[in-house]
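The data block below is my_file.pdb; it holds PDB, C-alpha atoms (C1' of nucleotides).
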```pdb
MODEL        1
ATOM      1  CA  MET A   1     -19.092 -32.170  12.851
ATOM      2  CA  GLU A   2     -16.222 -33.330  14.939
ATOM      3  CA  GLY A   3     -16.611 -36.758  13.357
ATOM      4  CA  ASP A   4     -15.718 -35.453   9.942
ATOM      5  CA  ILE A   5     -12.469 -34.127  11.227
ATOM      6  CA  ALA A   6     -11.644 -37.359  13.000
ATOM      7  CA  GLN A   7     -12.225 -39.229   9.791
ATOM      8  CA  LYS A   8     -10.036 -36.905   7.775
ATOM      9  CA  LEU A   9      -7.263 -37.401  10.269
ATOM     10  CA  ARG A  10      -7.570 -41.174  10.041
ATOM     11  CA  GLU A  11      -7.705 -41.106   6.264
ATOM     12  CA  ASN A  12      -4.370 -39.378   6.332
ATOM     13  CA  GLY A  13      -2.791 -41.831   8.695
ATOM     14  CA  LEU A  14      -2.851 -39.472  11.651
ATOM     15  CA  GLN A  15      -4.079 -40.521  15.048
ATOM     16  CA  VAL A  16      -7.118 -38.802  16.433
ATOM     17  CA  THR A  17      -6.312 -36.954  19.627
ATOM     18  CA  ALA A  18      -8.152 -34.379  21.651
ATOM     19  CA  GLN A  19      -5.370 -31.907  20.868
ATOM     20  CA  ARG A  20      -5.687 -32.322  17.143
ATOM     21  CA  LEU A  21      -9.430 -32.030  17.116
ATOM     22  CA  ALA A  22      -9.152 -28.859  19.154
ATOM     23  CA  ILE A  23      -6.461 -27.506  16.859
ATOM     24  CA  MET A  24      -8.589 -28.101  13.798
ATOM     25  CA  ARG A  25     -11.472 -26.356  15.493
ATOM     26  CA  ALA A  26      -9.278 -23.449  16.532
ATOM     27  CA  VAL A  27      -7.958 -23.012  13.009
ATOM     28  CA  ALA A  28     -11.487 -23.081  11.611
ATOM     29  CA  GLU A  29     -12.641 -20.493  14.120
ATOM     30  CA  HIS A  30      -9.631 -18.207  13.755
ATOM     31  CA  PRO A  31      -8.598 -17.945  10.141
ATOM     32  CA  HIS A  32      -5.090 -16.544   9.637
ATOM     33  CA  ALA A  33      -4.174 -16.950  13.282
ATOM     34  CA  THR A  34      -0.573 -17.409  14.393
ATOM     35  CA  ALA A  35       0.657 -20.481  16.253
ATOM     36  CA  ASP A  36       0.625 -18.476  19.458
ATOM     37  CA  GLU A  37      -2.943 -17.375  19.014
ATOM     38  CA  LEU A  38      -3.914 -20.943  18.221
ATOM     39  CA  ILE A  39      -2.295 -22.186  21.411
ATOM     40  CA  ASP A  40      -4.546 -19.837  23.350
ATOM     41  CA  ALA A  41      -7.566 -20.857  21.329
ATOM     42  CA  VAL A  42      -6.849 -24.538  21.891
ATOM     43  CA  ARG A  43      -6.432 -23.954  25.617
ATOM     44  CA  ALA A  44      -9.820 -22.289  25.647
ATOM     45  CA  ILE A  45     -11.251 -25.498  24.201
ATOM     46  CA  ILE A  46      -9.498 -28.301  26.074
ATOM     47  CA  GLY A  47      -7.837 -26.549  28.996
ATOM     48  CA  THR A  48      -4.173 -27.109  28.288
ATOM     49  CA  VAL A  49      -1.754 -28.007  25.506
ATOM     50  CA  SER A  50       1.936 -27.833  25.101
ATOM     51  CA  LYS A  51       3.419 -25.475  22.589
ATOM     52  CA  GLN A  52       5.111 -28.469  21.058
ATOM     53  CA  ALA A  53       1.918 -30.414  20.466
ATOM     54  CA  VAL A  54       0.464 -27.453  18.621
ATOM     55  CA  TYR A  55       3.547 -26.903  16.488
ATOM     56  CA  SER A  56       3.923 -30.533  15.563
ATOM     57  CA  SER A  57       0.239 -31.001  14.849
ATOM     58  CA  LEU A  58       0.102 -27.902  12.712
ATOM     59  CA  GLY A  59       3.098 -29.267  10.864
ATOM     60  CA  ALA A  60       1.522 -32.656  10.342
ATOM     61  CA  LEU A  61      -1.827 -31.187   9.321
ATOM     62  CA  ALA A  62      -0.208 -28.820   6.869
ATOM     63  CA  GLU A  63       1.818 -31.648   5.406
ATOM     64  CA  LYS A  64      -1.340 -33.599   4.716
ATOM     65  CA  SER A  65      -2.997 -30.472   3.343
ATOM     66  CA  LEU A  66      -5.748 -30.477   5.918
ATOM     67  CA  ILE A  67      -4.760 -26.914   6.657
ATOM     68  CA  ARG A  68      -2.580 -24.413   4.903
ATOM     69  CA  ARG A  69       0.323 -22.515   6.349
ATOM     70  CA  ILE A  70       1.244 -19.055   5.130
ATOM     71  CA  GLN A  71       4.395 -17.240   6.175
ATOM     72  CA  PRO A  72       4.180 -13.562   5.394
ATOM     73  CA  ALA A  73       7.378 -11.596   5.604
ATOM     74  CA  GLY A  74       7.951  -9.990   8.968
ATOM     75  CA  SER A  75       5.231 -11.926  10.692
ATOM     76  CA  PRO A  76       5.033 -15.357  12.260
ATOM     77  CA  ALA A  77       3.423 -18.192  10.320
ATOM     78  CA  ARG A  78      -0.350 -18.177  10.029
ATOM     79  CA  TYR A  79      -2.728 -21.049   9.413
ATOM     80  CA  GLU A  80      -6.017 -21.441   7.665
ATOM     81  CA  ASP A  81      -8.711 -23.828   7.007
ATOM     82  CA  ARG A  82      -9.395 -23.066   3.407
ATOM     83  CA  VAL A  83      -7.446 -25.493   1.271
ATOM     84  CA  GLY A  84      -7.493 -26.725  -2.266
ATOM     85  CA  ASP A  85      -8.899 -23.630  -3.926
ATOM     86  CA  ASN A  86      -5.810 -21.717  -4.942
ATOM     87  CA  HIS A  87      -6.669 -18.445  -3.301
ATOM     88  CA  HIS A  88      -4.153 -15.812  -2.349
ATOM     89  CA  HIS A  89      -3.627 -13.257   0.383
ATOM     90  CA  LEU A  90      -3.649  -9.550   0.793
ATOM     91  CA  ILE A  91      -1.761  -8.225   3.789
ATOM     92  CA  CYS A  92      -1.637  -4.761   5.301
ATOM     93  CA  ARG A  93       1.911  -3.485   5.702
ATOM     94  CA  SER A  94       1.107  -1.530   8.823
ATOM     95  CA  CYS A  95      -1.393  -3.550  10.832
ATOM     96  CA  GLY A  96      -0.853  -7.008   9.400
ATOM     97  CA  ALA A  97      -4.516  -7.573   8.598
ATOM     98  CA  THR A  98      -4.806 -10.547   6.281
ATOM     99  CA  VAL A  99      -7.664 -11.185   3.898
ATOM    100  CA  ASP A 100      -8.327 -13.833   1.282
ATOM    101  CA  VAL A 101      -8.322 -12.921  -2.380
ATOM    102  CA  ASP A 102      -9.570 -15.203  -5.077
ATOM    103  CA  CYS A 103      -7.181 -16.051  -7.803
ATOM    104  CA  VAL A 104      -6.746 -13.291 -10.318
ATOM    105  CA  VAL A 105      -7.271 -15.258 -13.447
ATOM    106  CA  GLY A 106      -9.792 -17.615 -11.963
ATOM    107  CA  GLU A 107      -8.041 -20.929 -12.379
ATOM    108  CA  ALA A 108      -4.605 -21.371 -10.839
ATOM    109  CA  PRO A 109      -2.975 -19.306 -13.544
ATOM    110  CA  CYS A 110       0.080 -18.172 -11.787
ATOM    111  CA  LEU A 111       0.906 -21.770 -11.061
ATOM    112  CA  THR A 112       2.836 -21.789 -14.271
ATOM    113  CA  ALA A 113       6.205 -20.123 -14.248
ATOM    114  CA  SER A 114       7.613 -18.785 -17.470
ATOM    115  CA  ASP A 115      10.650 -20.994 -17.063
ATOM    116  CA  ASP A 116      10.751 -23.727 -14.463
ATOM    117  CA  HIS A 117      14.556 -24.147 -14.499
ATOM    118  CA  GLY A 118      14.029 -27.883 -14.293
ATOM    119  CA  PHE A 119      12.237 -27.570 -10.978
ATOM    120  CA  ASP A 120       9.222 -29.651 -10.142
ATOM    121  CA  ILE A 121       6.859 -26.896  -9.025
ATOM    122  CA  ASP A 122       4.056 -27.846  -6.684
ATOM    123  CA  GLU A 123       2.769 -24.542  -5.394
ATOM    124  CA  ALA A 124       2.621 -20.887  -6.251
ATOM    125  CA  GLU A 125       2.294 -18.588  -3.304
ATOM    126  CA  ILE A 126       1.063 -15.097  -3.960
ATOM    127  CA  ILE A 127       0.948 -12.301  -1.463
ATOM    128  CA  PHE A 128      -0.301  -8.823  -2.241
ATOM    129  CA  TRP A 129       1.150  -6.114  -0.054
ATOM    130  CA  GLY A 130      -0.472  -2.797   0.634
ATOM    131  CA  HIS A 131      -2.335  -0.738   3.194
ATOM    132  CA  CYS A 132      -5.815  -1.471   4.415
ATOM    133  CA  PRO A 133      -8.508   1.213   4.434
ATOM    134  CA  ASP A 134      -8.140   1.780   8.172
ATOM    135  CA  CYS A 135      -4.407   2.304   8.079
ATOM    136  CA  ARG A 136      -4.640   4.506   5.028
ATOM    137  CA  SER A 137      -7.013   6.893   6.726
ATOM    138  CA  VAL A 138      -4.680   7.149   9.699
ATOM    139  CA  GLY A 139      -1.965   8.065   7.228
ATOM    140  CA  ALA A 140       0.240   5.112   8.097
TER
ATOM    141  CA  MET B 141      31.226   2.023 -10.682
ATOM    142  CA  GLU B 142      31.332   2.794  -7.008
ATOM    143  CA  GLY B 143      30.440   6.366  -7.857
ATOM    144  CA  ASP B 144      27.107   5.340  -9.278
ATOM    145  CA  ILE B 145      26.171   3.697  -6.050
ATOM    146  CA  ALA B 146      27.226   6.692  -4.015
ATOM    147  CA  GLN B 147      25.067   8.878  -6.171
ATOM    148  CA  LYS B 148      22.057   6.626  -5.833
ATOM    149  CA  LEU B 149      22.433   6.739  -2.105
ATOM    150  CA  ARG B 150      22.586  10.507  -2.093
ATOM    151  CA  GLU B 151      19.626  10.795  -4.426
ATOM    152  CA  ASN B 152      17.630   8.889  -1.884
ATOM    153  CA  GLY B 153      18.672  11.017   1.030
ATOM    154  CA  LEU B 154      21.002   8.403   2.488
ATOM    155  CA  GLN B 155      24.490   9.188   3.602
ATOM    156  CA  VAL B 156      27.367   7.563   1.806
ATOM    157  CA  THR B 157      29.380   5.380   4.122
ATOM    158  CA  ALA B 158      31.994   2.725   3.590
ATOM    159  CA  GLN B 159      29.619   0.187   5.110
ATOM    160  CA  ARG B 160      26.826   0.962   2.705
ATOM    161  CA  LEU B 161      29.020   0.876  -0.345
ATOM    162  CA  ALA B 162      30.355  -2.471   0.749
ATOM    163  CA  ILE B 163      26.854  -3.755   1.413
ATOM    164  CA  MET B 164      25.691  -2.756  -2.037
ATOM    165  CA  ARG B 165      28.679  -4.489  -3.530
ATOM    166  CA  ALA B 166      28.105  -7.597  -1.448
ATOM    167  CA  VAL B 167      24.478  -7.779  -2.516
ATOM    168  CA  ALA B 168      25.447  -7.385  -6.148
ATOM    169  CA  GLU B 169      28.034 -10.129  -5.871
ATOM    170  CA  HIS B 170      25.858 -12.523  -3.911
ATOM    171  CA  PRO B 171      22.327 -12.506  -5.226
ATOM    172  CA  HIS B 172      19.778 -14.051  -2.835
ATOM    173  CA  ALA B 173      22.200 -14.035   0.070
ATOM    174  CA  THR B 174      20.973 -13.897   3.651
ATOM    175  CA  ALA B 175      21.864 -11.097   6.052
ATOM    176  CA  ASP B 176      24.385 -13.378   7.717
ATOM    177  CA  GLU B 177      26.091 -14.231   4.477
ATOM    178  CA  LEU B 178      26.181 -10.557   3.603
ATOM    179  CA  ILE B 179      27.810  -9.711   6.904
ATOM    180  CA  ASP B 180      30.613 -12.093   6.002
ATOM    181  CA  ALA B 181      30.840 -10.710   2.486
ATOM    182  CA  VAL B 182      31.010  -7.158   3.787
ATOM    183  CA  ARG B 183      33.731  -8.108   6.250
ATOM    184  CA  ALA B 184      35.709  -9.553   3.393
ATOM    185  CA  ILE B 185      35.516  -6.153   1.732
ATOM    186  CA  ILE B 186      36.057  -3.646   4.522
ATOM    187  CA  GLY B 187      37.359  -5.753   7.383
ATOM    188  CA  THR B 188      34.636  -5.313   9.981
ATOM    189  CA  VAL B 189      31.017  -4.312  10.359
ATOM    190  CA  SER B 190      28.498  -4.660  13.083
ATOM    191  CA  LYS B 191      25.512  -6.864  12.512
ATOM    192  CA  GLN B 192      23.400  -3.853  13.267
ATOM    193  CA  ALA B 193      24.905  -1.709  10.538
ATOM    194  CA  VAL B 194      24.153  -4.386   7.993
ATOM    195  CA  TYR B 195      20.607  -4.909   9.143
ATOM    196  CA  SER B 196      19.770  -1.245   9.285
ATOM    197  CA  SER B 197      21.396  -0.479   5.966
ATOM    198  CA  LEU B 198      19.650  -3.357   4.275
ATOM    199  CA  GLY B 199      16.427  -2.035   5.719
ATOM    200  CA  ALA B 200      17.080   1.502   4.519
ATOM    201  CA  LEU B 201      18.184   0.336   1.071
ATOM    202  CA  ALA B 202      15.168  -1.900   0.689
ATOM    203  CA  GLU B 203      12.895   0.925   1.749
ATOM    204  CA  LYS B 204      14.307   3.119  -0.983
ATOM    205  CA  SER B 205      14.073   0.244  -3.450
ATOM    206  CA  LEU B 206      17.780   0.165  -4.151
ATOM    207  CA  ILE B 207      17.645  -3.501  -3.288
ATOM    208  CA  ARG B 208      14.825  -5.922  -2.803
ATOM    209  CA  ARG B 209      14.165  -8.118   0.188
ATOM    210  CA  ILE B 210      12.511 -11.480  -0.143
ATOM    211  CA  GLN B 211      11.429 -13.539   2.830
ATOM    212  CA  PRO B 212      10.752 -17.123   1.868
ATOM    213  CA  ALA B 213       8.958 -19.251   4.401
ATOM    214  CA  GLY B 214      11.258 -21.219   6.660
ATOM    215  CA  SER B 215      14.343 -19.308   5.636
ATOM    216  CA  PRO B 216      15.875 -16.034   6.719
ATOM    217  CA  ALA B 217      15.379 -12.955   4.561
ATOM    218  CA  ARG B 218      17.373 -12.711   1.358
ATOM    219  CA  TYR B 219      18.400  -9.697  -0.621
ATOM    220  CA  GLU B 220      18.956  -8.974  -4.248
ATOM    221  CA  ASP B 221      20.107  -6.359  -6.565
ATOM    222  CA  ARG B 222      17.598  -6.739  -9.331
ATOM    223  CA  VAL B 223      14.827  -4.246  -8.758
ATOM    224  CA  GLY B 224      12.072  -2.656 -10.746
ATOM    225  CA  ASP B 225      11.418  -5.495 -13.152
ATOM    226  CA  ASN B 226       8.684  -7.481 -11.481
ATOM    227  CA  HIS B 227      10.345 -10.824 -11.519
ATOM    228  CA  HIS B 228       9.510 -13.658  -9.178
ATOM    229  CA  HIS B 229      11.251 -16.493  -7.379
ATOM    230  CA  LEU B 230      11.416 -20.209  -7.520
ATOM    231  CA  ILE B 231      12.630 -21.911  -4.371
ATOM    232  CA  CYS B 232      13.596 -25.502  -3.704
ATOM    233  CA  ARG B 233      11.737 -26.989  -0.752
ATOM    234  CA  SER B 234      14.641 -29.182   0.281
ATOM    235  CA  CYS B 235      17.822 -27.262  -0.352
ATOM    236  CA  GLY B 236      16.514 -23.692  -0.458
ATOM    237  CA  ALA B 237      18.095 -22.890  -3.806
ATOM    238  CA  THR B 238      16.568 -19.686  -5.114
ATOM    239  CA  VAL B 239      16.381 -18.671  -8.751
ATOM    240  CA  ASP B 240      14.795 -15.777 -10.570
ATOM    241  CA  VAL B 241      11.819 -16.318 -12.817
ATOM    242  CA  ASP B 242      10.494 -13.731 -15.166
ATOM    243  CA  CYS B 243       6.917 -12.704 -14.788
ATOM    244  CA  VAL B 244       4.493 -15.223 -16.165
ATOM    245  CA  VAL B 245       2.408 -12.921 -18.223
ATOM    246  CA  GLY B 246       5.237 -10.606 -19.155
ATOM    247  CA  GLU B 247       4.035  -7.357 -17.659
ATOM    248  CA  ALA B 248       3.242  -7.245 -13.963
ATOM    249  CA  PRO B 249       0.010  -9.123 -14.414
ATOM    250  CA  CYS B 250      -0.458 -10.582 -11.030
ATOM    251  CA  LEU B 251      -0.156  -7.124  -9.606
ATOM    252  CA  THR B 252      -3.892  -6.883  -9.924
ATOM    253  CA  ALA B 253      -5.963  -8.696  -7.354
ATOM    254  CA  SER B 254      -9.454  -9.795  -8.249
ATOM    255  CA  ASP B 255     -10.843  -7.789  -5.344
ATOM    256  CA  ASP B 256      -8.668  -5.322  -3.484
ATOM    257  CA  HIS B 257     -10.913  -5.123  -0.405
ATOM    258  CA  GLY B 258     -10.267  -1.392  -0.332
ATOM    259  CA  PHE B 259      -6.551  -1.938   0.133
ATOM    260  CA  ASP B 260      -4.000   0.202  -1.576
ATOM    261  CA  ILE B 261      -1.824  -2.522  -3.094
ATOM    262  CA  ASP B 262       1.778  -1.670  -3.870
ATOM    263  CA  GLU B 263       3.403  -5.028  -4.479
ATOM    264  CA  ALA B 264       2.638  -8.567  -5.470
ATOM    265  CA  GLU B 265       5.076 -11.123  -4.225
ATOM    266  CA  ILE B 266       5.106 -14.453  -5.981
ATOM    267  CA  ILE B 267       7.034 -17.495  -4.888
ATOM    268  CA  PHE B 268       6.952 -20.785  -6.696
ATOM    269  CA  TRP B 269       7.714 -23.784  -4.499
ATOM    270  CA  GLY B 270       9.064 -27.068  -5.724
ATOM    271  CA  HIS B 271      12.123 -29.254  -5.901
ATOM    272  CA  CYS B 272      15.202 -28.476  -7.899
ATOM    273  CA  PRO B 273      16.679 -31.026 -10.307
ATOM    274  CA  ASP B 274      19.440 -31.975  -7.875
ATOM    275  CA  CYS B 275      17.116 -32.656  -4.979
ATOM    276  CA  ARG B 276      14.697 -34.532  -7.166
ATOM    277  CA  SER B 277      17.356 -36.957  -8.292
ATOM    278  CA  VAL B 278      18.332 -37.617  -4.696
ATOM    279  CA  GLY B 279      14.708 -38.425  -4.059
ATOM    280  CA  ALA B 280      14.200 -35.696  -1.488
TER
ATOM    281  C1'  DG C 281     -11.833 -55.998  27.542
ATOM    282  C1'  DT C 282      -6.571 -56.476  27.488
ATOM    283  C1'  DC C 283      -2.115 -56.068  25.616
ATOM    284  C1'  DT C 284       1.438 -54.199  22.802
ATOM    285  C1'  DA C 285       3.667 -51.339  19.499
ATOM    286  C1'  DA C 286       3.556 -47.059  17.463
ATOM    287  C1'  DT C 287       2.301 -42.472  17.669
ATOM    288  C1'  DT C 288       1.663 -38.348  20.092
ATOM    289  C1'  DC C 289       2.164 -35.177  24.110
ATOM    290  C1'  DT C 290       4.729 -32.741  27.938
ATOM    291  C1'  DT C 291       8.458 -30.205  29.772
ATOM    292  C1'  DG C 292      12.135 -27.451  29.424
ATOM    293  C1'  DA C 293      16.432 -26.182  27.412
ATOM    294  C1'  DC C 294      18.156 -24.270  23.271
ATOM    295  C1'  DT C 295      19.016 -21.939  18.501
ATOM    296  C1'  DG C 296      18.659 -18.491  14.941
ATOM    297  C1'  DA C 297      17.104 -14.308  13.141
ATOM    298  C1'  DG C 298      16.362  -9.992  14.130
ATOM    299  C1'  DT C 299      15.484  -5.751  17.309
ATOM    300  C1'  DC C 300      16.528  -2.298  20.974
ATOM    301  C1'  DC C 301      19.407   0.855  23.183
ATOM    302  C1'  DA C 302      23.060   4.287  24.509
ATOM    303  C1'  DG C 303      27.075   6.145  23.405
ATOM    304  C1'  DA C 304      30.886   6.894  19.906
ATOM    305  C1'  DA C 305      32.107   7.970  15.264
ATOM    306  C1'  DT C 306      31.115   9.769  10.549
ATOM    307  C1'  DT C 307      29.083  12.475   7.138
ATOM    308  C1'  DC C 308      27.987  16.674   5.084
ATOM    309  C1'  DA C 309      26.203  21.491   4.674
ATOM    310  C1'  DT C 310      27.907  25.835   6.010
TER
ATOM    311  C1'  DA D 311      36.697  24.023  10.543
ATOM    312  C1'  DT D 312      32.203  23.404  12.951
ATOM    313  C1'  DG D 313      27.932  21.609  14.396
ATOM    314  C1'  DA D 314      23.700  19.025  13.604
ATOM    315  C1'  DA D 315      22.082  14.934  11.810
ATOM    316  C1'  DT D 316      22.855  10.476  10.469
ATOM    317  C1'  DT D 317      25.043   6.189  11.000
ATOM    318  C1'  DC D 318      27.858   2.649  13.404
ATOM    319  C1'  DT D 319      29.344  -0.266  17.403
ATOM    320  C1'  DG D 320      28.564  -3.674  20.935
ATOM    321  C1'  DG D 321      25.910  -6.148  23.704
ATOM    322  C1'  DA D 322      21.708  -7.482  25.848
ATOM    323  C1'  DC D 323      17.365  -9.092  24.644
ATOM    324  C1'  DT D 324      12.932 -10.903  22.287
ATOM    325  C1'  DC D 325      10.294 -13.820  19.600
ATOM    326  C1'  DA D 326       9.293 -17.846  16.824
ATOM    327  C1'  DG D 327      10.342 -22.178  16.426
ATOM    328  C1'  DT D 328      13.150 -26.673  17.213
ATOM    329  C1'  DC D 329      15.300 -30.566  19.847
ATOM    330  C1'  DA D 330      15.278 -34.338  22.956
ATOM    331  C1'  DA D 331      13.853 -37.779  26.561
ATOM    332  C1'  DG D 332      10.525 -39.745  28.898
ATOM    333  C1'  DA D 333       5.390 -40.212  29.965
ATOM    334  C1'  DA D 334       0.865 -40.807  28.126
ATOM    335  C1'  DT D 335      -2.442 -42.002  24.667
ATOM    336  C1'  DT D 336      -4.173 -44.357  20.572
ATOM    337  C1'  DA D 337      -5.442 -48.233  17.828
ATOM    338  C1'  DG D 338      -5.039 -52.744  16.026
ATOM    339  C1'  DA D 339      -4.436 -57.793  17.566
ATOM    340  C1'  DC D 340      -5.941 -61.011  20.589
TER
ENDMDL
END
```
Structure translated into structure tokens:
Amino acid sequence: MEGDIAQKLRENGLQVTAQRLAIMRAVAEHPHATADELIDAVRAIIGTVSKQAVYSSLGALAEKSLIRRIQPAGSPARYEDRVGDNHHHLICRSCGATVDVDCVVGEAPCLTASDDHGFDIDEAEIIFWGHCPDCRSVGA
Amino acid sequence: MEGDIAQKLRENGLQVTAQRLAIMRAVAEHPHATADELIDAVRAIIGTVSKQAVYSSLGALAEKSLIRRIQPAGSPARYEDRVGDNHHHLICRSCGATVDVDCVVGEAPCLTASDDHGFDIDEAEIIFWGHCPDCRSVGA
DNA sequence: GTCTAATTCTTGACTGAGTCCAGAATTCAT
DNA sequence: ATGAATTCTGGACTCAGTCAAGAATTAGAC
């Protein structure tokens, strides 16, 4: 429901705007999409948006953990809907395909570093790199 | 020894050039440096290099696993010397400080995904995000 | 419903990191 | 020494993302 989203925005002190609702919808409908792809998706929903509105909303939403941002090496940032369940990602080196992978040890295991060097760690980001079945068969 | 490096290059089918030797030295002397910082470091060693030479050499060296490239979100790529020992990184969200962390479970544990989706996985990249002691005390 | 302050959006210029290209210079096997 | 292959130089260019100023929208107070 659109209402749910509006409420989540309000709960986090964010104003409810047509752009943000559309962005949330676009992210939900296009998991792992880039900002550029989301701009197109949002335009398909409400006609027009500025690049800036999308970037700043994605930033605000990510900050409030309503969405999650992942930045794989060699690729622009991607956004997803699925938050709060410590899952990781598996990315194809040749085609960039991105899939979700549940956490190896079940319960946020890797969240603990062997030595935290005095840091206050709040997130562990894990990316598995490899080649997807399609690209392997092509010999990439 | 410079000779060791030259030999490693040859073993991997790469030609030995002044630029590459200097790049290897620069990476060794500046762990976690960005390409830009390395360009400066290389210039300090051999006087001049083109940006391109550095980028392409870093690429070739990383491909042969003579160095490792890490690409933290929101920061340019960084390079390091320490390869082959499955260690991870801990990065400060505010100042970008990067430190090495040994693997949590000792022996490349996270290298196994719960479900590989048919992918041929060759690397697991783990980045811990948080705030370093300095930035915490400043209240960042 | 109206008003006002704060937040958000638009437009467009701009930066930073990295890539592409063509020609010149080096390396290295013979 | 010689020639083929690799690597380097320099500069234009792309792509992702940021900055800034003013216009528009939102939401709480009346």
Starting from chain A, keep only residues with some atom at most 12 Å from an atom of chain D, counting only C-alpha atoms (C1' of nucleotides), and report them as JSON, numbers by chain.
-> {"A": [10, 13, 14, 15, 16, 17, 18, 19, 34, 35, 36, 51, 52, 54, 55, 56, 59, 71, 74, 75, 76, 77, 78]}
For the residues in the current selection, export C-alpha atoms as a short mmCIF file (atom, residue, chain, number, x, y, z; two decimals), in the frame of the given file.
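Now in part08.cif:
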```cif
data_model
loop_
_atom_site.label_atom_id
_atom_site.label_comp_id
_atom_site.auth_asym_id
_atom_site.auth_seq_id
_atom_site.Cartn_x
_atom_site.Cartn_y
_atom_site.Cartn_z
CA ARG A 10 -7.57 -41.17 10.04
CA GLY A 13 -2.79 -41.83 8.70
CA LEU A 14 -2.85 -39.47 11.65
CA GLN A 15 -4.08 -40.52 15.05
CA VAL A 16 -7.12 -38.80 16.43
CA THR A 17 -6.31 -36.95 19.63
CA ALA A 18 -8.15 -34.38 21.65
CA GLN A 19 -5.37 -31.91 20.87
CA THR A 34 -0.57 -17.41 14.39
CA ALA A 35 0.66 -20.48 16.25
CA ASP A 36 0.62 -18.48 19.46
CA LYS A 51 3.42 -25.48 22.59
CA GLN A 52 5.11 -28.47 21.06
CA VAL A 54 0.46 -27.45 18.62
CA TYR A 55 3.55 -26.90 16.49
CA SER A 56 3.92 -30.53 15.56
CA GLY A 59 3.10 -29.27 10.86
CA GLN A 71 4.39 -17.24 6.18
CA GLY A 74 7.95 -9.99 8.97
CA SER A 75 5.23 -11.93 10.69
CA PRO A 76 5.03 -15.36 12.26
CA ALA A 77 3.42 -18.19 10.32
CA ARG A 78 -0.35 -18.18 10.03
#
```
Measure the distance from CA of Gly47 (chain A) to CA of Arg68 (chain A) in Å and round it to one decimal.
->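 These two atoms are separated by 24.8 Å.
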Give me, as a PDB file with C-alpha atoms (C1' of nucleotides), in the frame of the given file, the contact residues of chain C against chain B at a cut-off of 9 Å, counting only C-alpha atoms (C1' of nucleotides).
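New file result_34.pdb:
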```pdb
ATOM      1  C1'  DA C 297      17.104 -14.308  13.141  1.00  0.00           C
ATOM      2  C1'  DG C 298      16.362  -9.992  14.130  1.00  0.00           C
ATOM      3  C1'  DT C 306      31.115   9.769  10.549  1.00  0.00           C
ATOM      4  C1'  DT C 307      29.083  12.475   7.138  1.00  0.00           C
ATOM      5  C1'  DC C 308      27.987  16.674   5.084  1.00  0.00           C
TER       6       DC C 308
END
```
What does the distance from CA of Asp116 (chain A) to CA of Cys235 (chain B) come to in Å, to one decimal?
->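 Taking CA of Asp116 (chain A) and CA of Cys235 (chain B), their separation equals 16.2 Å.
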Got a sec to resolve the PyMOL selection byres ((chain A) within 6 of (chain B)) on this structure and send the residues as a PyMOL selection string?
-> chain A and resi 71+73+104+113-114+118-133
